[in-house]
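A.B. asks: Have a look at this one before I ask anything.
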Amino acid sequence: MKILFICLGNICRSPLAEGIAKEYIKKHNLDIEVDSCGTSGWHIGEPPDRRSINIAKKYGIDISNLKGRQISVYGDADWDYYIVMDENNKKDLINMGFPKEKIKKIGEFGANNDDVPDPYNYRDMQGFDNVFNMIQCCINNMFESEIKII
């Protein structure tokens with residue numbers, strides 16, 4: 001199975017989701033490939049936001065080697081599922097032509113279908129900590145329920 005996590009810039013939320021998912025997959029020896037990207041091209045080639053790196057590190061996850069990239073209809077057409085962080089990401093993917101049935105909002109897996117707020121403009125680490133915990137809860141639920149998305 002292949003799962004792609006998507007947010008706007010691929011420097012805050014989706015790299016956290018990728019790192020959390022990779023850690024879960026490794027710990028449980030699952031055969032699942034994950035990656036992350038953004039709907040915009042603002043941060044192509046850049047590392048995750050330092051605050052995302054720091055919050056992941058706080059929980060024992062290293063995302064410092066990840067690089068921002070933009071989703072491509074052609075290069076990313078073979079993923080089984082596209083897990084978006086918010087409703088705008090979902091709309092963007094649908095408008096790009098990705099199949100609706102493969103697009104799920106991460107909030108469907110434990111956050112009452114809520115959007116994961118973009119912590120980019122937060123000035124303190126509390127917003128990043130809250131986002132990390134929300135994403136971790138949803139990913140755990142997604143995997144522990146035998147991948148409800150299947």
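Chain lettering (A, B, ...) mirrors the order of the structure tokens, residue numbering begins at 1 for each chain separately, and ligand numbering begins at 1 in order of display.
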Which residues, written as a list of chain:residue names, have at least one atom at most 9 Å from A:Lys67, with only C-alpha atoms counted and residues fewer than 2 positions away on the same chain left out?
C.D. replies: A:Asn10, A:Ile11, A:Pro15, A:Cys37, A:His43, A:Ile44, A:Gly45, A:Glu46, A:Pro47, A:Pro48, A:Ser64, A:Asn65, A:Arg69
A.B. asks: With N, CA and C atoms retained, write the just-selected residues as an mmCIF file, in the first residue's frame.
C.D. replies:
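Wrote again-v6.cif, looks like this:
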data_model
loop_
_atom_site.group_PDB
_atom_site.id
_atom_site.type_symbol
_atom_site.label_atom_id
_atom_site.label_comp_id
_atom_site.auth_asym_id
_atom_site.auth_seq_id
_atom_site.Cartn_x
_atom_site.Cartn_y
_atom_site.Cartn_z
ATOM 1 N N ASN A 10 4.124 21.707 2.439
ATOM 2 C CA ASN A 10 4.977 20.545 2.693
ATOM 3 C C ASN A 10 6.183 20.899 3.566
ATOM 4 N N ILE A 11 5.954 21.786 4.550
ATOM 5 C CA ILE A 11 7.025 22.079 5.502
ATOM 6 C C ILE A 11 6.569 21.971 6.957
ATOM 7 N N PRO A 15 5.006 16.848 6.476
ATOM 8 C CA PRO A 15 6.236 16.169 6.890
ATOM 9 C C PRO A 15 6.094 15.519 8.276
ATOM 10 N N CYS A 37 3.888 15.723 0.437
ATOM 11 C CA CYS A 37 4.083 16.800 -0.522
ATOM 12 C C CYS A 37 3.095 17.923 -0.207
ATOM 13 N N HIS A 43 7.773 25.912 -1.318
ATOM 14 C CA HIS A 43 8.917 25.443 -0.521
ATOM 15 C C HIS A 43 9.618 24.231 -1.133
ATOM 16 N N ILE A 44 9.602 24.134 -2.441
ATOM 17 C CA ILE A 44 10.240 23.006 -3.123
ATOM 18 C C ILE A 44 11.728 22.962 -2.766
ATOM 19 N N GLY A 45 12.174 21.793 -2.328
ATOM 20 C CA GLY A 45 13.579 21.593 -1.994
ATOM 21 C C GLY A 45 13.998 22.064 -0.618
ATOM 22 N N GLU A 46 13.088 22.703 0.104
ATOM 23 C CA GLU A 46 13.410 23.201 1.445
ATOM 24 C C GLU A 46 13.151 22.121 2.497
ATOM 25 N N PRO A 47 13.907 22.176 3.600
ATOM 26 C CA PRO A 47 13.621 21.250 4.703
ATOM 27 C C PRO A 47 12.334 21.681 5.408
ATOM 28 N N PRO A 48 11.778 20.820 6.236
ATOM 29 C CA PRO A 48 10.607 21.222 7.022
ATOM 30 C C PRO A 48 10.922 22.442 7.889
ATOM 31 N N SER A 64 14.326 15.875 9.707
ATOM 32 C CA SER A 64 15.222 16.920 9.214
ATOM 33 C C SER A 64 15.739 16.669 7.801
ATOM 34 N N ASN A 65 15.726 15.409 7.357
ATOM 35 C CA ASN A 65 16.241 15.091 6.026
ATOM 36 C C ASN A 65 15.183 15.199 4.925
ATOM 37 N N ARG A 69 8.236 19.233 -1.573
ATOM 38 C CA ARG A 69 7.966 19.017 -2.990
ATOM 39 C C ARG A 69 6.497 19.286 -3.255
#
A.B. asks: Got a sec: who's within 10 Å of A:Asn54, counting only C-alpha atoms, leaving out chain neighbours fewer than 5 positions off, as a count of residues only?
C.D. replies: 11
A.B. asks: Hey, can you check how far atom CA of A:Leu4 sits from atom CA of A:Ala17?
C.D. replies: 9.5 Å
A.B. asks: Rounded to one decimal place, report the atom CA of A:Leu8-atom CA of A:Tyr24 distance in Å.
C.D. replies: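 Computed distance, atom CA of A:Leu8 to atom CA of A:Tyr24, equals 23.4 Å.
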A.B. asks: Restrict the calculation to only C-alpha atoms, then for each residue of stretch 32-60 of chain A with any atom at most 10 Å from an atom of stretch 96-120 of chain A give the closest atom pair and their distance in Å to one decimal, rows by chain and rising residue number, as CSV.
C.D. replies:
residue,atom,partner,partner_atom,distance
A:Thr39,CA,A:Met96,CA,9.6
A:Asp49,CA,A:Tyr120,CA,8.0
A:Arg51,CA,A:Tyr120,CA,8.7
A:Ser52,CA,A:Pro119,CA,9.0
A.B. asks: One number please: atom CA of A:Lys58 to atom CA of A:Asp31, in Å, one decimal.
C.D. replies: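 Atom CA of A:Asp31 lies at a distance of 26.1 Å from atom CA of A:Lys58.
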A.B. asks: My list of candidates is A:Ile20, A:Met134, A:Ile55, A:Val73. Which is closest to A:Met85 when distances are computed with only C-alpha atoms?
C.D. replies: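 Among the listed residues, A:Met134 lies closest to A:Met85.
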A.B. asks: Quick one: pick out all strand (DSSP E) residues within stretch 8-148 of chain A from a backbone DSSP run and write them as a ChimeraX atom specification.
C.D. replies: /A:33-38,81-84,103-105
A.B. asks: Which residue is closest to A:Trp42? Choose from A:Ser14, A:Asn141, A:Asn29, A:Gln70 and count only C-alpha atoms.
C.D. replies: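 Among A:Ser14, A:Asn141, A:Asn29, A:Gln70, it is A:Gln70 that comes nearest to A:Trp42.
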A.B. asks: Which residue is closest to A:Ile3? Choose from A:Cys138, A:Ala21, A:Ile53, A:Leu16 and count only C-alpha atoms.
C.D. replies: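 Looking only at the distances to A:Ile3, the closest residue turns out to be A:Ala21.
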A.B. asks: As JSON, numbers by chain, please: every residue in stretch 5-138 of chain A that DSSP puts in helix (DSSP H, G or I).
C.D. replies: {"A": [13, 14, 15, 16, 17, 18, 19, 20, 21, 22, 23, 24, 25, 26, 27, 28, 50, 51, 52, 53, 54, 55, 56, 57, 58, 87, 88, 89, 90, 91, 92, 93, 94, 95, 96, 100, 101, 102, 106, 107, 108, 109, 119, 120, 121, 125, 126, 127, 128, 129, 130, 131, 132, 133, 134, 135, 136, 137, 138]}
A.B. asks: With distances taken over only C-alpha atoms, which residue among A:Ser40, A:Cys12, A:Glu18, A:Ile25 lies nearest A:Asn88?
C.D. replies: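 Counting only C-alpha atoms, the residue closest to A:Asn88 is A:Ser40.
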